[in-house]
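**Q** Encoded as structure tokens, here's the structure I'll be asking about.
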Number of protein chains: 2
Amino acid sequence: MSKPYVVGIDIGGTNTVFGIVDARGVVIASSSIKTLKHSDVNAYLDELYNEVTRLLVANDAVDKVHGIGIGAPNANYYTGMIEKLVNIPWPTPLPLAQMVSDKFGIPVAITNDANAAAIGEMTYGAARGLKDFIMITLGTGVGSGIVINGQLVYGHDGFAGELGHTIMKRNNGRLCGCGRTGCLEAYCSASGVARTAREFLEIRTEPSALRTIPIEAITSKDVYDAAVAGDKLANEIFEYTGNILGEAFAEFTVFSSPQAIILFGGLAKSGELLLRPLRESMEKNMYPAFKGKVQILLSELKDADAAVLGASALGWEAKAQVPAVPQA
Amino acid sequence: MSKPYVVGIDIGGTNTVFGIVDARGVVIASSSIKTLKHSDVNAYLDELYNEVTRLLVANDAVDKVHGIGIGAPNANYYTGMIEKLVNIPWPTPLPLAQMVSDKFGIPVAITNDANAAAIGEMTYGAARGLKDFIMITLGTGVGSGIVINGQLVYGHDGFAGELGHTIMKRNNGRLCGCGRTGCLEAYCSASGVARTAREFLEIRTEPSALRTIPIEAITSKDVYDAAVAGDKLANEIFEYTGNILGEAFAEFTVFSSPQAIILFGGLAKSGELLLRPLRESMEKNMYPAFKGKVQILLSELKDADAAVLGASALGWEAKAQVPAVPQA
């Protein structure tokens, strides 16, 4: 009998969420553990194994799992390694796919979280039936997963698709976490919107509801709330953000000519506040041959399930327990 | 018996070059006709058919042709159509693949010239064995062909890979032929280099050998000759050009993480004059995870053969006489 389930595991800085998913994308059951409870990665893997196994037993799914898919920061699909960890104290490079596969005796595939989101969207969400699209995650940072001709783009080293680090301001750009200046992420992430708010409030003199909040404490949520309540400056912050995002999307289009760009993440829920200036700017900046061709879509995956679904979809691809050797 | 040859046809604004090519990439024989001799496309196709047939007969290759590959401006791989023609008076959209296929009774595949160059390089040139690379043609314009995971990127509409229209100067950029401002092509094509020379000569005061040439008549070849002869301003023009090209290549890398970027076309022959500042700028502007990973290579196809070889390589892919229907 073929195995009807996959397990999706999303390793975040705070929580590791996991679930059992069937072939139609139904999350049969899910649970989570605290990623940082164990500073030792083997102790973490022991707990993960015990909790996933408990879930499998409770759902009569033991020996029915085709593969395990994992979304994790800086995870390399080709090597199965996590190359770098920022807030998690495990040693890197970490052969995570091999370690999990050894533990469970099940094939494992890993990739980064934005790629997992793209695979999830293609398998179960807004990108069903699309062969050429780009997934943009607007969260603390700006992540991306690129699909061309139905295949995720990994690049020769497994790290392609860092579109959050497209340079949008080549002169006098903001310092980005990557050490360069002017990256998209420094403007159009949740933290970028908060930075824009601080800049606007310092440079401009209009009254704004945002001035009642201590300037260093302002979040993108505060800006959203103020904009919805009609605050003019807050609306202009969304205008500014959407404008840069639209410029970026026009750039992405000359590369891969996608049918759609799909938005996911907290900031994507700003609705027309963000989408209207985004669409206008994208069309205004678009290379003529592509005008009117690219749809902006919102993710159709439920928040609570998205991370697990995205990772689990990769589980269907998991084949060998020894990951493929990358191109030299 | 399987058919051992392909025919490559490169349709340029001035000449249409064609040749018979074997599986090892040897151009058995080649010839050309004047593209613009016939303002009527059917008369043009008659002459093309007669001349190609004459070549096939002379080389005992009749009935031994697997397919015909055509490189042509704005040719769409999916639809087999030429969507737009600038200096050629034939009606568009023109169903070129179907027309040539009907004429010869042989499967035909078409694509644009930069994509054909990429396929040629992958099949016979510097990209043999590479699965992820970008071909950049530095000619009158800047063209590109992108290969990801061994496949040419066509995008959902067949027009992906317009990297010459990446925006490099978002403020005060030069007007580009596409109607927008600041495109890579406006700076790093042969005509872009000539524009840079005119700007430098007008704005700066240093002596330069270039000042002996009427300013509107200066070509990129003049700038090259002056730079090689030690002219300081001419050297700075190459520095400026290489710098922008390096910034652009760093941008391309965050998208597809290629193993190599391969240069083709007249300006690519400038050697270290262009390559040194290009490499330095690319590394300086590179997203940290990709530093030191991307090779800059020069095309290994001989000029005289490159266009025909590139187009011919597509001939091996030609299958149906009715082109595939594109994704909606």
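Letters A, B, ... mark the chains of the structure tokens in the order given; residue numbers begin at 1 per chain; ligand numbers begin at 1, in order shown.
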With a cut-off of 8 Å, could you pull out the residues of chain A touching chain B and give me the nearest pair of atoms for each, distance in Å to one decimal, using only C-alpha atoms, ordered by chain and ascending number, as CSV?
**A**
```
residue,atom,partner,partner_atom,distance
A:Lys131,CA,B:His156,CA,7.3
A:Asp132,CA,B:His156,CA,5.7
A:Ile148,CA,B:Gly155,CA,6.9
A:Asn149,CA,B:Gly155,CA,7.3
A:Val153,CA,B:Ser256,CA,6.7
A:Tyr154,CA,B:Ser256,CA,7.2
A:Gly155,CA,B:Ser257,CA,4.6
A:His156,CA,B:Gln259,CA,5.7
A:Asp157,CA,B:Ser257,CA,7.0
A:Gly158,CA,B:Ser257,CA,8.0
A:Phe159,CA,B:Ser257,CA,6.7
A:Ala160,CA,B:Ser257,CA,4.7
A:Gly161,CA,B:Phe255,CA,4.8
A:Glu162,CA,B:Val254,CA,4.9
A:Leu163,CA,B:Val254,CA,6.0
A:His165,CA,B:Val254,CA,6.9
A:Thr166,CA,B:Glu251,CA,6.1
A:Ile167,CA,B:Glu251,CA,7.2
A:Lys169,CA,B:Arg170,CA,7.6
A:Arg170,CA,B:Lys169,CA,7.6
A:Cys178,CA,B:Pro288,CA,7.0
A:Arg180,CA,B:Tyr287,CA,7.5
A:Glu251,CA,B:Thr166,CA,6.1
A:Thr253,CA,B:Ala160,CA,7.5
A:Val254,CA,B:Glu162,CA,4.9
A:Phe255,CA,B:Gly161,CA,4.7
A:Ser256,CA,B:Ala160,CA,4.8
A:Ser257,CA,B:Gly155,CA,4.6
A:Pro258,CA,B:His156,CA,5.8
A:Gln259,CA,B:His156,CA,5.7
A:Asn285,CA,B:Arg180,CA,7.7
A:Tyr287,CA,B:Cys178,CA,7.1
A:Pro288,CA,B:Cys178,CA,7.0
A:Ala289,CA,B:Phe159,CA,8.0
```
**Q** Please identify the helix (DSSP H, G or I) residues within segment 216-296 of chain A (assignment by DSSP from backbone atoms) and present them as a PyMOL selection string.
**A** chain A and resi 216-217+220-228+232-256+266-270+272-285+288-290
**Q** May I have the selected residues written with C-alpha atoms, as a PDB file, in the first residue's frame?
**A**
```pdb
ATOM      1  CA  GLU A 216      11.111  53.624  18.740  1.00  0.00           C
ATOM      2  CA  ALA A 217       8.107  51.510  19.746  1.00  0.00           C
ATOM      3  CA  SER A 220       3.793  48.198  11.226  1.00  0.00           C
ATOM      4  CA  LYS A 221       0.582  47.218  13.009  1.00  0.00           C
ATOM      5  CA  ASP A 222       0.392  50.706  14.561  1.00  0.00           C
ATOM      6  CA  VAL A 223       0.821  52.230  11.108  1.00  0.00           C
ATOM      7  CA  TYR A 224      -1.897  49.956   9.727  1.00  0.00           C
ATOM      8  CA  ASP A 225      -4.330  50.833  12.527  1.00  0.00           C
ATOM      9  CA  ALA A 226      -3.688  54.558  12.065  1.00  0.00           C
ATOM     10  CA  ALA A 227      -4.103  54.296   8.277  1.00  0.00           C
ATOM     11  CA  VAL A 228      -7.404  52.430   8.596  1.00  0.00           C
ATOM     12  CA  LYS A 232      -3.018  60.826   6.397  1.00  0.00           C
ATOM     13  CA  LEU A 233       0.636  60.280   7.240  1.00  0.00           C
ATOM     14  CA  ALA A 234       0.027  56.584   7.931  1.00  0.00           C
ATOM     15  CA  ASN A 235      -1.683  56.291   4.547  1.00  0.00           C
ATOM     16  CA  GLU A 236       1.324  57.901   2.904  1.00  0.00           C
ATOM     17  CA  ILE A 237       3.598  55.364   4.574  1.00  0.00           C
ATOM     18  CA  PHE A 238       1.637  52.577   2.881  1.00  0.00           C
ATOM     19  CA  GLU A 239       1.757  54.527  -0.389  1.00  0.00           C
ATOM     20  CA  TYR A 240       5.559  54.742  -0.067  1.00  0.00           C
ATOM     21  CA  THR A 241       5.862  51.046   0.799  1.00  0.00           C
ATOM     22  CA  GLY A 242       3.573  49.892  -2.017  1.00  0.00           C
ATOM     23  CA  ASN A 243       5.405  52.107  -4.463  1.00  0.00           C
ATOM     24  CA  ILE A 244       8.786  50.478  -3.737  1.00  0.00           C
ATOM     25  CA  LEU A 245       7.248  47.014  -3.750  1.00  0.00           C
ATOM     26  CA  GLY A 246       5.725  47.744  -7.164  1.00  0.00           C
ATOM     27  CA  GLU A 247       9.084  48.902  -8.516  1.00  0.00           C
ATOM     28  CA  ALA A 248      10.605  45.669  -7.238  1.00  0.00           C
ATOM     29  CA  PHE A 249       7.884  43.494  -8.779  1.00  0.00           C
ATOM     30  CA  ALA A 250       8.466  45.164 -12.160  1.00  0.00           C
ATOM     31  CA  GLU A 251      12.159  44.237 -11.803  1.00  0.00           C
ATOM     32  CA  PHE A 252      11.350  40.612 -10.972  1.00  0.00           C
ATOM     33  CA  THR A 253       9.149  40.432 -14.059  1.00  0.00           C
ATOM     34  CA  VAL A 254      11.918  41.248 -16.561  1.00  0.00           C
ATOM     35  CA  PHE A 255      13.744  38.258 -15.131  1.00  0.00           C
ATOM     36  CA  SER A 256      11.184  35.455 -15.096  1.00  0.00           C
ATOM     37  CA  GLY A 266       1.518  39.867   8.133  1.00  0.00           C
ATOM     38  CA  LEU A 267       1.973  42.900   5.932  1.00  0.00           C
ATOM     39  CA  ALA A 268       0.147  41.189   3.057  1.00  0.00           C
ATOM     40  CA  LYS A 269      -3.008  41.502   5.167  1.00  0.00           C
ATOM     41  CA  SER A 270      -3.005  45.280   4.803  1.00  0.00           C
ATOM     42  CA  GLU A 272      -5.900  47.748  -0.555  1.00  0.00           C
ATOM     43  CA  LEU A 273      -3.877  50.087   1.651  1.00  0.00           C
ATOM     44  CA  LEU A 274      -0.833  48.279   0.278  1.00  0.00           C
ATOM     45  CA  LEU A 275      -2.232  46.624  -2.856  1.00  0.00           C
ATOM     46  CA  ARG A 276      -3.505  49.726  -4.634  1.00  0.00           C
ATOM     47  CA  PRO A 277      -0.195  51.643  -4.625  1.00  0.00           C
ATOM     48  CA  LEU A 278       1.638  48.373  -5.276  1.00  0.00           C
ATOM     49  CA  ARG A 279      -0.380  47.589  -8.424  1.00  0.00           C
ATOM     50  CA  GLU A 280      -0.205  51.171  -9.688  1.00  0.00           C
ATOM     51  CA  SER A 281       3.543  51.354  -9.180  1.00  0.00           C
ATOM     52  CA  MET A 282       4.143  47.919 -10.710  1.00  0.00           C
ATOM     53  CA  GLU A 283       2.238  48.824 -13.876  1.00  0.00           C
ATOM     54  CA  LYS A 284       3.817  52.276 -14.091  1.00  0.00           C
ATOM     55  CA  ASN A 285       7.316  50.812 -13.836  1.00  0.00           C
ATOM     56  CA  PRO A 288       6.123  47.517 -21.921  1.00  0.00           C
ATOM     57  CA  ALA A 289       5.925  43.874 -23.077  1.00  0.00           C
ATOM     58  CA  PHE A 290       4.770  42.789 -19.600  1.00  0.00           C
TER      59      PHE A 290
END
```
**Q** Select from segment 10-248 of chain A everything DSSP, run on the backbone, classes as strand (DSSP E or B), then give the selection as a PDB file with N, CA, C and O atoms, in the first residue's frame.
**A**
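Wrote result13.pdb, looks like this:
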```pdb
ATOM      1  N   ASP A  10       7.897  22.938  10.492  1.00  0.00           N
ATOM      2  CA  ASP A  10       8.397  24.306  10.275  1.00  0.00           C
ATOM      3  C   ASP A  10       9.202  24.727  11.498  1.00  0.00           C
ATOM      4  O   ASP A  10       8.645  24.887  12.589  1.00  0.00           O
ATOM      5  N   ILE A  11      10.508  24.905  11.299  1.00  0.00           N
ATOM      6  CA  ILE A  11      11.377  25.270  12.418  1.00  0.00           C
ATOM      7  C   ILE A  11      11.556  26.788  12.437  1.00  0.00           C
ATOM      8  O   ILE A  11      12.213  27.353  11.557  1.00  0.00           O
ATOM      9  N   ASN A  15       9.027  28.750  17.797  1.00  0.00           N
ATOM     10  CA  ASN A  15       8.321  27.473  17.829  1.00  0.00           C
ATOM     11  C   ASN A  15       8.700  26.577  16.661  1.00  0.00           C
ATOM     12  O   ASN A  15       9.010  27.057  15.574  1.00  0.00           O
ATOM     13  N   THR A  16       8.652  25.289  16.897  1.00  0.00           N
ATOM     14  CA  THR A  16       8.705  24.311  15.824  1.00  0.00           C
ATOM     15  C   THR A  16       7.313  23.704  15.724  1.00  0.00           C
ATOM     16  O   THR A  16       6.833  23.074  16.668  1.00  0.00           O
ATOM     17  N   VAL A  17       6.656  23.969  14.585  1.00  0.00           N
ATOM     18  CA  VAL A  17       5.288  23.492  14.385  1.00  0.00           C
ATOM     19  C   VAL A  17       5.344  22.294  13.448  1.00  0.00           C
ATOM     20  O   VAL A  17       6.113  22.298  12.480  1.00  0.00           O
ATOM     21  N   PHE A  18       4.550  21.282  13.716  1.00  0.00           N
ATOM     22  CA  PHE A  18       4.563  20.104  12.837  1.00  0.00           C
ATOM     23  C   PHE A  18       3.161  19.538  12.712  1.00  0.00           C
ATOM     24  O   PHE A  18       2.300  19.770  13.568  1.00  0.00           O
ATOM     25  N   GLY A  19       2.932  18.839  11.618  1.00  0.00           N
ATOM     26  CA  GLY A  19       1.608  18.288  11.415  1.00  0.00           C
ATOM     27  C   GLY A  19       1.624  17.129  10.441  1.00  0.00           C
ATOM     28  O   GLY A  19       2.573  16.946   9.681  1.00  0.00           O
ATOM     29  N   ILE A  20       0.564  16.347  10.485  1.00  0.00           N
ATOM     30  CA  ILE A  20       0.356  15.238   9.548  1.00  0.00           C
ATOM     31  C   ILE A  20      -0.629  15.728   8.494  1.00  0.00           C
ATOM     32  O   ILE A  20      -1.692  16.250   8.837  1.00  0.00           O
ATOM     33  N   VAL A  21      -0.269  15.580   7.219  1.00  0.00           N
ATOM     34  CA  VAL A  21      -1.073  16.147   6.136  1.00  0.00           C
ATOM     35  C   VAL A  21      -1.383  15.046   5.130  1.00  0.00           C
ATOM     36  O   VAL A  21      -0.522  14.203   4.832  1.00  0.00           O
ATOM     37  N   ASP A  22      -2.609  15.060   4.597  1.00  0.00           N
ATOM     38  CA  ASP A  22      -2.935  14.060   3.577  1.00  0.00           C
ATOM     39  C   ASP A  22      -2.734  14.647   2.181  1.00  0.00           C
ATOM     40  O   ASP A  22      -2.337  15.806   2.021  1.00  0.00           O
ATOM     41  N   VAL A  27      -4.775  19.161   6.978  1.00  0.00           N
ATOM     42  CA  VAL A  27      -3.922  18.927   8.143  1.00  0.00           C
ATOM     43  C   VAL A  27      -4.707  18.037   9.113  1.00  0.00           C
ATOM     44  O   VAL A  27      -5.644  18.492   9.774  1.00  0.00           O
ATOM     45  N   ILE A  28      -4.314  16.763   9.168  1.00  0.00           N
ATOM     46  CA  ILE A  28      -5.027  15.782  10.009  1.00  0.00           C
ATOM     47  C   ILE A  28      -4.861  16.111  11.488  1.00  0.00           C
ATOM     48  O   ILE A  28      -5.803  16.031  12.266  1.00  0.00           O
ATOM     49  N   ALA A  29      -3.660  16.511  11.851  1.00  0.00           N
ATOM     50  CA  ALA A  29      -3.373  16.845  13.248  1.00  0.00           C
ATOM     51  C   ALA A  29      -2.079  17.630  13.275  1.00  0.00           C
ATOM     52  O   ALA A  29      -1.209  17.432  12.428  1.00  0.00           O
ATOM     53  N   SER A  30      -1.960  18.536  14.237  1.00  0.00           N
ATOM     54  CA  SER A  30      -0.708  19.289  14.340  1.00  0.00           C
ATOM     55  C   SER A  30      -0.411  19.609  15.795  1.00  0.00           C
ATOM     56  O   SER A  30      -1.295  19.553  16.653  1.00  0.00           O
ATOM     57  N   SER A  31       0.832  19.952  16.037  1.00  0.00           N
ATOM     58  CA  SER A  31       1.258  20.300  17.383  1.00  0.00           C
ATOM     59  C   SER A  31       2.546  21.115  17.281  1.00  0.00           C
ATOM     60  O   SER A  31       2.987  21.419  16.169  1.00  0.00           O
ATOM     61  N   SER A  32       3.124  21.464  18.411  1.00  0.00           N
ATOM     62  CA  SER A  32       4.370  22.227  18.349  1.00  0.00           C
ATOM     63  C   SER A  32       5.217  22.004  19.591  1.00  0.00           C
ATOM     64  O   SER A  32       4.710  21.549  20.630  1.00  0.00           O
ATOM     65  N   ILE A  33       6.491  22.310  19.458  1.00  0.00           N
ATOM     66  CA  ILE A  33       7.386  22.341  20.618  1.00  0.00           C
ATOM     67  C   ILE A  33       8.159  23.671  20.567  1.00  0.00           C
ATOM     68  O   ILE A  33       8.174  24.342  19.539  1.00  0.00           O
ATOM     69  N   LYS A  34       8.790  24.009  21.680  1.00  0.00           N
ATOM     70  CA  LYS A  34       9.604  25.224  21.725  1.00  0.00           C
ATOM     71  C   LYS A  34      10.976  24.919  21.127  1.00  0.00           C
ATOM     72  O   LYS A  34      11.682  24.026  21.604  1.00  0.00           O
ATOM     73  N   VAL A  65       3.682   7.267   6.499  1.00  0.00           N
ATOM     74  CA  VAL A  65       4.242   8.566   6.113  1.00  0.00           C
ATOM     75  C   VAL A  65       5.203   8.408   4.935  1.00  0.00           C
ATOM     76  O   VAL A  65       6.229   7.740   5.033  1.00  0.00           O
ATOM     77  N   HIS A  66       4.848   9.041   3.822  1.00  0.00           N
ATOM     78  CA  HIS A  66       5.661   8.981   2.606  1.00  0.00           C
ATOM     79  C   HIS A  66       6.988   9.714   2.782  1.00  0.00           C
ATOM     80  O   HIS A  66       8.030   9.250   2.316  1.00  0.00           O
ATOM     81  N   GLY A  67       6.939  10.861   3.408  1.00  0.00           N
ATOM     82  CA  GLY A  67       8.162  11.637   3.596  1.00  0.00           C
ATOM     83  C   GLY A  67       7.932  12.762   4.576  1.00  0.00           C
ATOM     84  O   GLY A  67       6.791  13.095   4.907  1.00  0.00           O
ATOM     85  N   ILE A  68       9.038  13.328   5.020  1.00  0.00           N
ATOM     86  CA  ILE A  68       8.979  14.477   5.923  1.00  0.00           C
ATOM     87  C   ILE A  68       9.563  15.682   5.195  1.00  0.00           C
ATOM     88  O   ILE A  68      10.642  15.591   4.608  1.00  0.00           O
ATOM     89  N   GLY A  69       8.828  16.780   5.208  1.00  0.00           N
ATOM     90  CA  GLY A  69       9.350  18.029   4.639  1.00  0.00           C
ATOM     91  C   GLY A  69       9.605  19.023   5.754  1.00  0.00           C
ATOM     92  O   GLY A  69       8.795  19.145   6.663  1.00  0.00           O
ATOM     93  N   ILE A  70      10.731  19.700   5.669  1.00  0.00           N
ATOM     94  CA  ILE A  70      11.093  20.663   6.721  1.00  0.00           C
ATOM     95  C   ILE A  70      11.393  22.028   6.111  1.00  0.00           C
ATOM     96  O   ILE A  70      12.156  22.125   5.145  1.00  0.00           O
ATOM     97  N   GLY A  71      10.783  23.047   6.653  1.00  0.00           N
ATOM     98  CA  GLY A  71      11.147  24.424   6.325  1.00  0.00           C
ATOM     99  C   GLY A  71      11.948  24.992   7.476  1.00  0.00           C
ATOM    100  O   GLY A  71      11.515  24.901   8.619  1.00  0.00           O
ATOM    101  N   ALA A  75      18.118  26.758   5.076  1.00  0.00           N
ATOM    102  CA  ALA A  75      18.211  25.332   4.777  1.00  0.00           C
ATOM    103  C   ALA A  75      18.482  25.146   3.296  1.00  0.00           C
ATOM    104  O   ALA A  75      17.876  25.794   2.451  1.00  0.00           O
ATOM    105  N   ILE A  82      21.581  22.830   7.207  1.00  0.00           N
ATOM    106  CA  ILE A  82      21.342  24.225   7.599  1.00  0.00           C
ATOM    107  C   ILE A  82      22.711  24.874   7.668  1.00  0.00           C
ATOM    108  O   ILE A  82      23.590  24.425   8.411  1.00  0.00           O
ATOM    109  N   LEU A  94      24.757  22.245   9.790  1.00  0.00           N
ATOM    110  CA  LEU A  94      24.071  21.166  10.502  1.00  0.00           C
ATOM    111  C   LEU A  94      23.384  20.242   9.483  1.00  0.00           C
ATOM    112  O   LEU A  94      22.524  20.694   8.743  1.00  0.00           O
ATOM    113  N   VAL A 108      13.587  12.517   4.010  1.00  0.00           N
ATOM    114  CA  VAL A 108      13.413  13.909   4.450  1.00  0.00           C
ATOM    115  C   VAL A 108      13.910  14.862   3.363  1.00  0.00           C
ATOM    116  O   VAL A 108      14.946  14.614   2.746  1.00  0.00           O
ATOM    117  N   ALA A 109      13.153  15.926   3.116  1.00  0.00           N
ATOM    118  CA  ALA A 109      13.642  17.011   2.258  1.00  0.00           C
ATOM    119  C   ALA A 109      13.500  18.304   3.028  1.00  0.00           C
ATOM    120  O   ALA A 109      12.537  18.488   3.778  1.00  0.00           O
ATOM    121  N   ILE A 110      14.486  19.206   2.865  1.00  0.00           N
ATOM    122  CA  ILE A 110      14.404  20.485   3.574  1.00  0.00           C
ATOM    123  C   ILE A 110      14.585  21.643   2.590  1.00  0.00           C
ATOM    124  O   ILE A 110      15.164  21.492   1.527  1.00  0.00           O
ATOM    125  N   THR A 111      14.050  22.775   2.966  1.00  0.00           N
ATOM    126  CA  THR A 111      14.313  24.009   2.221  1.00  0.00           C
ATOM    127  C   THR A 111      14.029  25.179   3.151  1.00  0.00           C
ATOM    128  O   THR A 111      13.614  24.978   4.292  1.00  0.00           O
ATOM    129  N   PHE A 133       5.422  31.532 -11.138  1.00  0.00           N
ATOM    130  CA  PHE A 133       4.980  32.545 -10.177  1.00  0.00           C
ATOM    131  C   PHE A 133       6.084  32.794  -9.163  1.00  0.00           C
ATOM    132  O   PHE A 133       7.074  32.054  -9.091  1.00  0.00           O
ATOM    133  N   ILE A 134       5.919  33.884  -8.423  1.00  0.00           N
ATOM    134  CA  ILE A 134       6.873  34.230  -7.374  1.00  0.00           C
ATOM    135  C   ILE A 134       6.092  34.433  -6.086  1.00  0.00           C
ATOM    136  O   ILE A 134       5.069  35.112  -6.071  1.00  0.00           O
ATOM    137  N   MET A 135       6.572  33.798  -5.039  1.00  0.00           N
ATOM    138  CA  MET A 135       5.973  33.938  -3.712  1.00  0.00           C
ATOM    139  C   MET A 135       6.805  34.960  -2.943  1.00  0.00           C
ATOM    140  O   MET A 135       8.028  34.834  -2.887  1.00  0.00           O
ATOM    141  N   ILE A 136       6.148  35.976  -2.413  1.00  0.00           N
ATOM    142  CA  ILE A 136       6.859  36.971  -1.605  1.00  0.00           C
ATOM    143  C   ILE A 136       6.272  36.947  -0.196  1.00  0.00           C
ATOM    144  O   ILE A 136       5.064  37.126  -0.027  1.00  0.00           O
ATOM    145  N   THR A 137       7.114  36.711   0.796  1.00  0.00           N
ATOM    146  CA  THR A 137       6.642  36.715   2.175  1.00  0.00           C
ATOM    147  C   THR A 137       7.057  38.035   2.822  1.00  0.00           C
ATOM    148  O   THR A 137       8.225  38.372   2.887  1.00  0.00           O
ATOM    149  N   LEU A 138       6.039  38.778   3.255  1.00  0.00           N
ATOM    150  CA  LEU A 138       6.261  40.089   3.877  1.00  0.00           C
ATOM    151  C   LEU A 138       6.100  39.933   5.375  1.00  0.00           C
ATOM    152  O   LEU A 138       5.001  40.083   5.912  1.00  0.00           O
ATOM    153  N   VAL A 142      11.802  40.199   4.178  1.00  0.00           N
ATOM    154  CA  VAL A 142      11.108  39.914   2.919  1.00  0.00           C
ATOM    155  C   VAL A 142      11.756  38.662   2.322  1.00  0.00           C
ATOM    156  O   VAL A 142      12.936  38.682   1.960  1.00  0.00           O
ATOM    157  N   GLY A 143      10.990  37.574   2.283  1.00  0.00           N
ATOM    158  CA  GLY A 143      11.502  36.326   1.725  1.00  0.00           C
ATOM    159  C   GLY A 143      10.888  36.060   0.371  1.00  0.00           C
ATOM    160  O   GLY A 143       9.902  36.693  -0.016  1.00  0.00           O
ATOM    161  N   SER A 144      11.462  35.120  -0.383  1.00  0.00           N
ATOM    162  CA  SER A 144      10.891  34.815  -1.688  1.00  0.00           C
ATOM    163  C   SER A 144      11.147  33.372  -2.076  1.00  0.00           C
ATOM    164  O   SER A 144      12.150  32.772  -1.696  1.00  0.00           O
ATOM    165  N   GLY A 145      10.192  32.834  -2.818  1.00  0.00           N
ATOM    166  CA  GLY A 145      10.342  31.523  -3.433  1.00  0.00           C
ATOM    167  C   GLY A 145       9.906  31.678  -4.880  1.00  0.00           C
ATOM    168  O   GLY A 145       8.825  32.185  -5.157  1.00  0.00           O
ATOM    169  N   ILE A 146      10.776  31.276  -5.809  1.00  0.00           N
ATOM    170  CA  ILE A 146      10.509  31.499  -7.231  1.00  0.00           C
ATOM    171  C   ILE A 146      10.207  30.170  -7.895  1.00  0.00           C
ATOM    172  O   ILE A 146      10.975  29.210  -7.744  1.00  0.00           O
ATOM    173  N   VAL A 147       9.104  30.118  -8.629  1.00  0.00           N
ATOM    174  CA  VAL A 147       8.771  28.904  -9.376  1.00  0.00           C
ATOM    175  C   VAL A 147       8.781  29.235 -10.863  1.00  0.00           C
ATOM    176  O   VAL A 147       8.150  30.194 -11.304  1.00  0.00           O
ATOM    177  N   ILE A 148       9.569  28.474 -11.621  1.00  0.00           N
ATOM    178  CA  ILE A 148       9.667  28.658 -13.065  1.00  0.00           C
ATOM    179  C   ILE A 148       9.383  27.329 -13.721  1.00  0.00           C
ATOM    180  O   ILE A 148       9.991  26.307 -13.369  1.00  0.00           O
ATOM    181  N   GLN A 151       8.876  24.399 -11.464  1.00  0.00           N
ATOM    182  CA  GLN A 151       9.935  23.949 -10.565  1.00  0.00           C
ATOM    183  C   GLN A 151      10.438  25.086  -9.688  1.00  0.00           C
ATOM    184  O   GLN A 151      10.632  26.202 -10.159  1.00  0.00           O
ATOM    185  N   LEU A 152      10.679  24.777  -8.427  1.00  0.00           N
ATOM    186  CA  LEU A 152      11.281  25.773  -7.550  1.00  0.00           C
ATOM    187  C   LEU A 152      12.706  26.063  -8.001  1.00  0.00           C
ATOM    188  O   LEU A 152      13.454  25.154  -8.371  1.00  0.00           O
ATOM    189  N   ILE A 167      18.391  45.468  -4.702  1.00  0.00           N
ATOM    190  CA  ILE A 167      18.712  46.855  -4.335  1.00  0.00           C
ATOM    191  C   ILE A 167      17.686  47.807  -4.954  1.00  0.00           C
ATOM    192  O   ILE A 167      17.578  47.904  -6.174  1.00  0.00           O
ATOM    193  N   LEU A 175      20.579  50.979   5.631  1.00  0.00           N
ATOM    194  CA  LEU A 175      21.407  49.823   5.951  1.00  0.00           C
ATOM    195  C   LEU A 175      20.502  48.611   6.156  1.00  0.00           C
ATOM    196  O   LEU A 175      19.483  48.690   6.837  1.00  0.00           O
ATOM    197  N   THR A 181      23.372  48.241   1.558  1.00  0.00           N
ATOM    198  CA  THR A 181      22.385  49.302   1.752  1.00  0.00           C
ATOM    199  C   THR A 181      21.367  49.301   0.614  1.00  0.00           C
ATOM    200  O   THR A 181      21.690  48.930  -0.516  1.00  0.00           O
ATOM    201  N   CYS A 183      18.442  47.598   0.295  1.00  0.00           N
ATOM    202  CA  CYS A 183      17.706  46.366  -0.039  1.00  0.00           C
ATOM    203  C   CYS A 183      16.194  46.544   0.149  1.00  0.00           C
ATOM    204  O   CYS A 183      15.745  47.244   1.065  1.00  0.00           O
TER     205      CYS A 183
END
```
**Q** Could you jot down the atom CA of Gly173 of chain B to atom CA of Lys84 of chain B separation for me, Å, one decimal place?
**A** 26.0 Å
**Q** Atom CA of Pro93 of chain A to atom CA of Gly120 of chain A: how many Å, to one decimal?
**A**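 For atom CA of Pro93 of chain A relative to atom CA of Gly120 of chain A, the distance reads 25.8 Å.
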**Q** With distances taken over only C-alpha atoms, which residue among A:Ala318, A:Ser312, A:Phe200, A:Phe104 lies nearest Thr53 of chain A?
**A**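 Looking at the shortest contact to Thr53 of chain A, the residue is A:Phe104.
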**Q** Mind checking which residues fall within 8 Å of segment 43-48 of chain B, counting only C-alpha atoms, ignoring those fewer than 5 positions away in the same chain, and posting them as a list in words?
**A**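 Contacts, in chain order: Ile33, Thr35, Lys37, His38 and Val100 of chain B.
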